[in-house]
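Structure file coords_31.cif (mmCIF, C-alpha atoms and all ligand atoms) follows.
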data_input
loop_
_atom_site.group_PDB
_atom_site.id
_atom_site.type_symbol
_atom_site.label_atom_id
_atom_site.label_comp_id
_atom_site.auth_asym_id
_atom_site.auth_seq_id
_atom_site.Cartn_x
_atom_site.Cartn_y
_atom_site.Cartn_z
ATOM 1 C CA MET A 786 -157.743 -152.756 90.577
ATOM 2 C CA SER A 787 -158.597 -150.466 87.657
ATOM 3 C CA GLU A 788 -156.723 -150.663 84.391
ATOM 4 C CA VAL A 789 -153.866 -148.171 84.033
ATOM 5 C CA HIS A 790 -152.867 -147.640 80.397
ATOM 6 C CA ILE A 791 -149.599 -145.850 79.751
ATOM 7 C CA SER A 792 -149.235 -145.009 76.094
ATOM 8 C CA VAL A 793 -146.231 -146.512 74.333
ATOM 9 C CA HIS A 794 -146.845 -144.555 71.131
ATOM 10 C CA PRO A 795 -143.684 -142.790 69.845
ATOM 11 C CA LEU A 796 -145.652 -139.626 68.992
ATOM 12 C CA VAL A 797 -146.934 -139.465 72.581
ATOM 13 C CA LYS A 798 -143.416 -139.911 73.987
ATOM 14 C CA CYS A 799 -141.921 -137.214 71.746
ATOM 15 C CA LYS A 800 -144.722 -134.703 72.323
ATOM 16 C CA LEU A 801 -144.556 -135.321 76.069
ATOM 17 C CA THR A 802 -140.830 -134.582 76.016
ATOM 18 C CA GLN A 803 -141.532 -131.216 74.342
ATOM 19 C CA LEU A 804 -144.283 -130.541 76.905
ATOM 20 C CA ARG A 805 -141.873 -131.172 79.792
ATOM 21 C CA ASP A 806 -139.202 -128.839 78.370
ATOM 22 C CA LYS A 807 -139.078 -125.633 80.422
ATOM 23 C CA ALA A 808 -138.219 -123.719 77.240
ATOM 24 C CA THR A 809 -141.651 -124.559 75.747
ATOM 25 C CA GLY A 810 -143.818 -121.408 75.833
ATOM 26 C CA PRO A 811 -147.604 -121.204 76.479
ATOM 27 C CA LYS A 812 -148.722 -121.386 72.825
ATOM 28 C CA MET A 813 -146.660 -124.493 72.094
ATOM 29 C CA PHE A 814 -147.619 -125.947 75.489
ATOM 30 C CA ARG A 815 -151.353 -125.550 74.703
ATOM 31 C CA ASP A 816 -150.875 -127.124 71.254
ATOM 32 C CA LEU A 817 -149.089 -130.093 72.833
ATOM 33 C CA VAL A 818 -151.759 -130.553 75.536
ATOM 34 C CA ARG A 819 -154.381 -130.573 72.804
ATOM 35 C CA GLU A 820 -152.496 -133.025 70.580
ATOM 36 C CA LEU A 821 -151.560 -135.387 73.429
ATOM 37 C CA SER A 822 -155.173 -135.389 74.632
ATOM 38 C CA MET A 823 -156.387 -136.384 71.182
ATOM 39 C CA LEU A 824 -153.840 -139.196 70.947
ATOM 40 C CA LEU A 825 -154.738 -140.524 74.416
ATOM 41 C CA ALA A 826 -158.482 -140.181 73.759
ATOM 42 C CA TYR A 827 -158.024 -142.212 70.582
ATOM 43 C CA GLU A 828 -156.595 -145.003 72.757
ATOM 44 C CA ALA A 829 -159.195 -144.533 75.524
ATOM 45 C CA CYS A 830 -162.102 -144.776 73.072
ATOM 46 C CA ALA A 831 -160.945 -148.035 71.466
ATOM 47 C CA ASP A 832 -163.643 -150.024 73.322
ATOM 48 C CA MET A 833 -166.551 -147.657 72.639
ATOM 49 C CA GLU A 834 -169.634 -149.342 71.242
ATOM 50 C CA VAL A 835 -170.925 -148.426 67.797
ATOM 51 C CA VAL A 836 -174.251 -148.927 66.037
ATOM 52 C CA ARG A 837 -174.788 -149.501 62.319
ATOM 53 C CA ASN A 838 -176.936 -147.103 60.339
ATOM 54 C CA GLN A 839 -177.352 -145.919 56.768
ATOM 55 C CA VAL A 840 -175.132 -143.196 55.363
ATOM 56 C CA ALA A 841 -175.638 -141.699 51.914
ATOM 57 C CA THR A 842 -172.407 -140.970 50.060
ATOM 58 C CA PRO A 843 -172.667 -138.826 46.876
ATOM 59 C CA LEU A 844 -172.817 -142.128 44.934
ATOM 60 C CA ALA A 845 -174.590 -144.743 47.039
ATOM 61 C CA THR A 846 -175.910 -145.651 50.442
ATOM 62 C CA MET A 847 -174.146 -148.029 52.778
ATOM 63 C CA LEU A 848 -174.205 -149.133 56.393
ATOM 64 C CA GLY A 849 -171.969 -146.835 58.435
ATOM 65 C CA TRP A 850 -170.912 -146.752 62.085
ATOM 66 C CA TYR A 851 -172.073 -144.291 64.728
ATOM 67 C CA LEU A 852 -171.100 -144.022 68.406
ATOM 68 C CA LYS A 853 -173.781 -145.737 70.478
ATOM 69 C CA ASP A 854 -173.380 -143.821 73.712
ATOM 70 C CA LYS A 855 -173.788 -140.198 74.666
ATOM 71 C CA VAL A 856 -170.366 -138.998 75.775
ATOM 72 C CA GLY A 857 -169.678 -136.333 78.397
ATOM 73 C CA LEU A 858 -166.264 -134.680 78.662
ATOM 74 C CA VAL A 859 -165.477 -133.457 82.160
ATOM 75 C CA PRO A 860 -162.459 -131.137 82.221
ATOM 76 C CA ILE A 861 -161.300 -130.283 85.727
ATOM 77 C CA LEU A 862 -160.772 -126.507 85.799
ATOM 78 C CA ARG A 863 -158.627 -124.993 84.883
ATOM 79 C CA ALA A 864 -155.812 -127.186 83.587
ATOM 80 C CA GLY A 865 -158.239 -129.659 81.982
ATOM 81 C CA LEU A 866 -159.635 -126.971 79.647
ATOM 82 C CA GLY A 867 -156.938 -127.379 77.012
ATOM 83 C CA MET A 868 -157.526 -131.132 76.964
ATOM 84 C CA ALA A 869 -161.274 -130.727 76.316
ATOM 85 C CA ASP A 870 -160.639 -128.743 73.116
ATOM 86 C CA GLY A 871 -158.719 -131.607 71.553
ATOM 87 C CA VAL A 872 -161.051 -134.397 72.635
ATOM 88 C CA GLN A 873 -164.123 -132.425 71.547
ATOM 89 C CA ASP A 874 -162.641 -132.181 68.066
ATOM 90 C CA LEU A 875 -162.533 -136.006 68.023
ATOM 91 C CA ILE A 876 -166.056 -136.415 69.464
ATOM 92 C CA PRO A 877 -167.896 -133.308 68.216
ATOM 93 C CA ASP A 878 -171.257 -134.319 69.724
ATOM 94 C CA ALA A 879 -169.804 -134.782 73.216
ATOM 95 C CA GLN A 880 -171.322 -132.671 75.986
ATOM 96 C CA VAL A 881 -168.806 -130.744 78.086
ATOM 97 C CA TRP A 882 -169.432 -130.494 81.822
ATOM 98 C CA HIS A 883 -166.873 -128.366 83.659
ATOM 99 C CA VAL A 884 -165.932 -129.142 87.237
ATOM 100 C CA GLY A 885 -163.951 -126.557 89.232
ATOM 101 C CA LEU A 886 -161.660 -127.683 92.030
ATOM 102 C CA TYR A 887 -158.596 -125.933 93.346
ATOM 103 C CA ARG A 888 -155.924 -127.449 95.504
ATOM 104 C CA ASP A 889 -155.466 -125.982 98.959
ATOM 105 C CA GLU A 890 -151.717 -125.322 98.903
ATOM 106 C CA GLU A 891 -151.300 -126.270 102.583
ATOM 107 C CA THR A 892 -153.453 -129.368 102.905
ATOM 108 C CA LEU A 893 -153.176 -130.311 99.186
ATOM 109 C CA CYS A 894 -156.884 -131.235 99.468
ATOM 110 C CA PRO A 895 -159.309 -130.371 96.628
ATOM 111 C CA VAL A 896 -161.747 -127.522 97.306
ATOM 112 C CA PRO A 897 -164.821 -127.458 94.995
ATOM 113 C CA TYR A 898 -165.783 -124.064 93.529
ATOM 114 C CA TYR A 899 -167.785 -124.866 90.358
ATOM 115 C CA ASN A 900 -170.174 -127.695 89.546
ATOM 116 C CA LYS A 901 -173.372 -127.182 87.528
ATOM 117 C CA LEU A 902 -174.305 -130.794 86.819
ATOM 118 C CA PRO A 903 -178.103 -131.011 86.357
ATOM 119 C CA ASP A 904 -180.197 -133.297 88.585
ATOM 120 C CA LYS A 905 -180.226 -136.270 86.211
ATOM 121 C CA PRO A 906 -177.326 -137.560 84.086
ATOM 122 C CA THR A 907 -177.538 -136.532 80.422
ATOM 123 C CA VAL A 908 -174.763 -138.854 79.189
ATOM 124 C CA ASP A 909 -173.960 -142.588 79.285
ATOM 125 C CA VAL A 910 -170.207 -142.349 79.662
ATOM 126 C CA CYS A 911 -167.954 -139.619 81.069
ATOM 127 C CA ILE A 912 -164.326 -138.956 80.220
ATOM 128 C CA VAL A 913 -162.651 -136.930 82.976
ATOM 129 C CA LEU A 914 -159.762 -134.743 81.789
ATOM 130 C CA ASP A 915 -156.978 -133.435 84.015
ATOM 131 C CA PRO A 916 -153.392 -133.229 82.761
ATOM 132 C CA MET A 917 -151.779 -133.933 86.149
ATOM 133 C CA ILE A 918 -152.733 -136.653 88.662
ATOM 134 C CA ALA A 919 -150.576 -135.659 91.638
ATOM 135 C CA THR A 920 -152.165 -136.721 94.956
ATOM 136 C CA GLY A 921 -155.282 -137.847 93.074
ATOM 137 C CA GLY A 922 -157.520 -135.780 95.380
ATOM 138 C CA SER A 923 -159.217 -133.809 92.580
ATOM 139 C CA ALA A 924 -159.564 -136.929 90.461
ATOM 140 C CA VAL A 925 -161.294 -138.850 93.273
ATOM 141 C CA ALA A 926 -163.577 -135.895 94.149
ATOM 142 C CA THR A 927 -164.610 -135.465 90.497
ATOM 143 C CA VAL A 928 -165.385 -139.153 89.996
ATOM 144 C CA ASP A 929 -167.302 -139.091 93.319
ATOM 145 C CA SER A 930 -169.546 -136.316 92.023
ATOM 146 C CA LEU A 931 -170.083 -138.008 88.626
ATOM 147 C CA LYS A 932 -171.130 -141.233 90.351
ATOM 148 C CA LYS A 933 -173.455 -139.260 92.621
ATOM 149 C CA TRP A 934 -174.859 -137.685 89.423
ATOM 150 C CA GLY A 935 -175.686 -141.248 88.287
ATOM 151 C CA VAL A 936 -173.071 -141.936 85.594
ATOM 152 C CA LYS A 937 -172.089 -145.599 85.569
ATOM 153 C CA ARG A 938 -169.225 -145.630 83.068
ATOM 154 C CA ILE A 939 -166.294 -143.274 83.667
ATOM 155 C CA LYS A 940 -162.814 -143.090 82.133
ATOM 156 C CA PHE A 941 -159.974 -140.827 83.218
ATOM 157 C CA ILE A 942 -157.400 -139.281 80.871
ATOM 158 C CA GLY A 943 -154.341 -137.546 82.332
ATOM 159 C CA LEU A 944 -151.028 -136.628 80.758
ATOM 160 C CA ILE A 945 -148.642 -137.203 83.672
ATOM 161 C CA ALA A 946 -149.341 -138.960 86.991
ATOM 162 C CA ALA A 947 -147.483 -139.795 90.169
ATOM 163 C CA SER A 948 -147.981 -143.296 91.560
ATOM 164 C CA GLU A 949 -149.511 -141.860 94.792
ATOM 165 C CA GLY A 950 -152.280 -140.254 92.724
ATOM 166 C CA VAL A 951 -152.928 -143.336 90.617
ATOM 167 C CA ARG A 952 -153.031 -145.498 93.773
ATOM 168 C CA ASN A 953 -155.513 -143.104 95.408
ATOM 169 C CA LEU A 954 -157.807 -143.021 92.345
ATOM 170 C CA ASN A 955 -157.475 -146.784 91.941
ATOM 171 C CA GLU A 956 -158.356 -147.546 95.541
ATOM 172 C CA SER A 957 -161.340 -145.179 95.599
ATOM 173 C CA HIS A 958 -162.643 -146.055 92.121
ATOM 174 C CA PRO A 959 -161.294 -149.412 90.917
ATOM 175 C CA ASP A 960 -163.831 -149.425 88.074
ATOM 176 C CA VAL A 961 -162.365 -146.302 86.399
ATOM 177 C CA PRO A 962 -159.685 -147.026 83.770
ATOM 178 C CA ILE A 963 -156.872 -144.462 83.637
ATOM 179 C CA TYR A 964 -155.110 -143.428 80.399
ATOM 180 C CA LEU A 965 -151.770 -141.633 80.703
ATOM 181 C CA ALA A 966 -148.800 -140.467 78.680
ATOM 182 C CA SER A 967 -146.447 -141.122 81.609
ATOM 183 C CA LEU A 968 -146.284 -142.398 85.178
ATOM 184 C CA ASP A 969 -143.581 -140.284 86.828
ATOM 185 C CA GLU A 970 -141.357 -140.881 89.846
ATOM 186 C CA CYS A 971 -142.842 -139.058 92.846
ATOM 187 C CA LEU A 972 -144.192 -135.812 94.306
ATOM 188 C CA ASN A 973 -142.022 -133.086 95.818
ATOM 189 C CA GLU A 974 -142.839 -131.486 99.188
ATOM 190 C CA PHE A 975 -145.194 -128.993 97.481
ATOM 191 C CA GLY A 976 -147.191 -131.748 95.797
ATOM 192 C CA TYR A 977 -145.674 -131.221 92.334
ATOM 193 C CA ILE A 978 -144.900 -134.220 90.160
ATOM 194 C CA LEU A 979 -141.200 -135.006 89.555
ATOM 195 C CA PRO A 980 -139.891 -134.739 86.931
ATOM 196 C CA GLY A 981 -143.356 -133.692 85.625
ATOM 197 C CA CYS A 982 -143.801 -130.543 83.563
ATOM 198 C CA GLY A 983 -144.369 -127.936 86.282
ATOM 199 C CA ASP A 984 -147.744 -126.290 86.831
ATOM 200 C CA ALA A 985 -149.872 -127.287 83.837
ATOM 201 C CA GLY A 986 -152.400 -124.482 84.451
ATOM 202 C CA HIS A 987 -149.756 -121.735 84.649
ATOM 203 C CA ARG A 988 -147.913 -123.105 81.641
ATOM 204 C CA GLN A 989 -151.043 -123.224 79.447
ATOM 205 C CA PHE A 990 -152.302 -119.797 80.406
ATOM 206 C CA GLY A 991 -149.005 -117.937 80.886
ATOM 207 C CA THR A 992 -149.729 -117.065 84.525
ATOM 208 C CA GLY A 993 -146.696 -118.662 86.186
HETATM 209 N N1 LIG A 1001 -150.599 -129.837 89.220
HETATM 210 C C1 LIG A 1001 -149.735 -129.398 88.272
HETATM 211 O O1 LIG A 1001 -150.094 -128.565 87.438
HETATM 212 N N2 LIG A 1001 -148.480 -129.889 88.256
HETATM 213 C C2 LIG A 1001 -148.053 -130.798 89.151
HETATM 214 O O2 LIG A 1001 -146.889 -131.226 89.089
HETATM 215 C C3 LIG A 1001 -148.968 -131.244 90.134
HETATM 216 C C4 LIG A 1001 -150.235 -130.758 90.146
#
How would this structure read if it were set down as structure tokens?
Amino acid sequence: MSEVHISVHPLVKCKLTQLRDKATGPKMFRDLVRELSMLLAYEACADMEVVRNQVATPLATMLGWYLKDKVGLVPILRAGLGMADGVQDLIPDAQVWHVGLYRDEETLCPVPYYNKLPDKPTVDVCIVLDPMIATGGSAVATVDSLKKWGVKRIKFIGLIAASEGVRNLNESHPDVPIYLASLDECLNEFGYILPGCGDAGHRQFGTG
């Protein structure tokens, strides 16, 4: 069983409530996705290894801390895009590798349409970003391709998940810890999370 971390931070709860609100427009929605992603990434990175090295302040030198591993951010297009902006601000040297999957509206299965991962992995750890884990199909397919790429350490950050999706990701990839703002009740017949926040792609990009 992988670890499933659901944030208990009051700022996460309040921002998630604003994100869910149907009155929240695209600009505010994007700001909230960005802020929530930063807060969850802060929690997800708590176990990252650091190395000590010299840093020169204007007055002296001292031993500072630097991230040991090369980090790759993997936003699942297109809803994961807004999450990558926030997390990249926290980890400015992170590489960003986009993965494009859309959900077939009838089968609800993920269909790949963009993946430009080079032959060999260029990072030590990947953080996959997708705001909604509904059936978990896209999450599983993305982690599959990162493992095939050769990445050994993978974390997943979502904003809202349904238990079906978490179960699916957990069963397929028990070694991948999942960081969430909320685990919601269920999926409706169209595969949308209830109560959820609606279509996270449409709401970020004003296309709904
Ligand atoms: N994708 C979304 O954007 N919202 C859902 O509720 C489920 C999948």
The PyMOL selection byres (((not hetatm)) within 10 of (chain A and resi 1001)) applied to the shown file, residues as JSON, numbers by chain: {"A": [863, 864, 865, 887, 888, 893, 915, 916, 917, 918, 919, 920, 921, 923, 945, 946, 947, 950, 969, 971, 972, 973, 975, 976, 977, 978, 979, 980, 981, 982, 983, 984, 985, 986, 987, 988, 989]}
Result set, the PyMOL selection byres (((chain A and resi 904-914) around 6) and not hetatm) on current file, as a list of chain:residue names: A:Asp854, A:Lys855, A:Val856, A:Gly857, A:Leu858, A:Val859, A:Pro860, A:Gly865, A:Pro903, A:Asp915, A:Trp934, A:Gly935, A:Arg938, A:Ile939, A:Lys940, A:Phe941, A:Ile942
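The closest residue to Asn900 in chain A, picked from A:Leu862, A:Val789, A:Leu796, A:Ala869 and counting only C-alpha atoms, is A:Leu862.
We find CA of Asn955 in chain A and CA of Ile876 in chain A to be spaced 26.2 Å apart.
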Two-atom distance - CA of Asp806 in chain A, CA of Glu974 in chain A (Å): 21.3 Å
Please evaluate the PyMOL selection byres (((chain A and resi 842-852) around 12) and not hetatm) against the displayed coordinates and give the resulting residues as a tab-separated table (two decimals) with C-alpha atoms, keeping the file's coordinate frame.
chain	number	residue	atom	x	y	z
A	830	CYS	CA	-162.10	-144.78	73.07
A	831	ALA	CA	-160.94	-148.04	71.47
A	832	ASP	CA	-163.64	-150.02	73.32
A	833	MET	CA	-166.55	-147.66	72.64
A	834	GLU	CA	-169.63	-149.34	71.24
A	835	VAL	CA	-170.92	-148.43	67.80
A	836	VAL	CA	-174.25	-148.93	66.04
A	837	ARG	CA	-174.79	-149.50	62.32
A	838	ASN	CA	-176.94	-147.10	60.34
A	839	GLN	CA	-177.35	-145.92	56.77
A	840	VAL	CA	-175.13	-143.20	55.36
A	841	ALA	CA	-175.64	-141.70	51.91
A	853	LYS	CA	-173.78	-145.74	70.48
A	854	ASP	CA	-173.38	-143.82	73.71
A	855	LYS	CA	-173.79	-140.20	74.67
A	856	VAL	CA	-170.37	-139.00	75.78
A	875	LEU	CA	-162.53	-136.01	68.02
A	876	ILE	CA	-166.06	-136.42	69.46
A	877	PRO	CA	-167.90	-133.31	68.22
A	878	ASP	CA	-171.26	-134.32	69.72
A	879	ALA	CA	-169.80	-134.78	73.22
A	909	ASP	CA	-173.96	-142.59	79.28
A	910	VAL	CA	-170.21	-142.35	79.66
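Of the listed residues A:Ala926, A:His958, A:Phe990, A:Glu788, the one whose atoms come nearest to Leu866 in chain A is A:Phe990, with distances taken using only C-alpha atoms.
Atom to atom, CA of Leu886 in chain A and CA of Leu931 in chain A stand 13.8 Å apart.
For the residues A:Val872, A:Leu821, A:Leu968, A:Val936, ranking by smallest atom-to-atom distance to His794 in chain A using only C-alpha atoms places A:Leu821 first.
Comparing A:Ser787, A:Asp929, A:Leu824, A:Gly871 by their smallest distance to Val951 in chain A, the closest is A:Ser787 (using only C-alpha atoms).
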Distance criterion (all atoms listed in the file): nearest to Cys894 in chain A out of A:Gly922, A:Gln873, A:Gln880, A:Lys933: A:Gly922
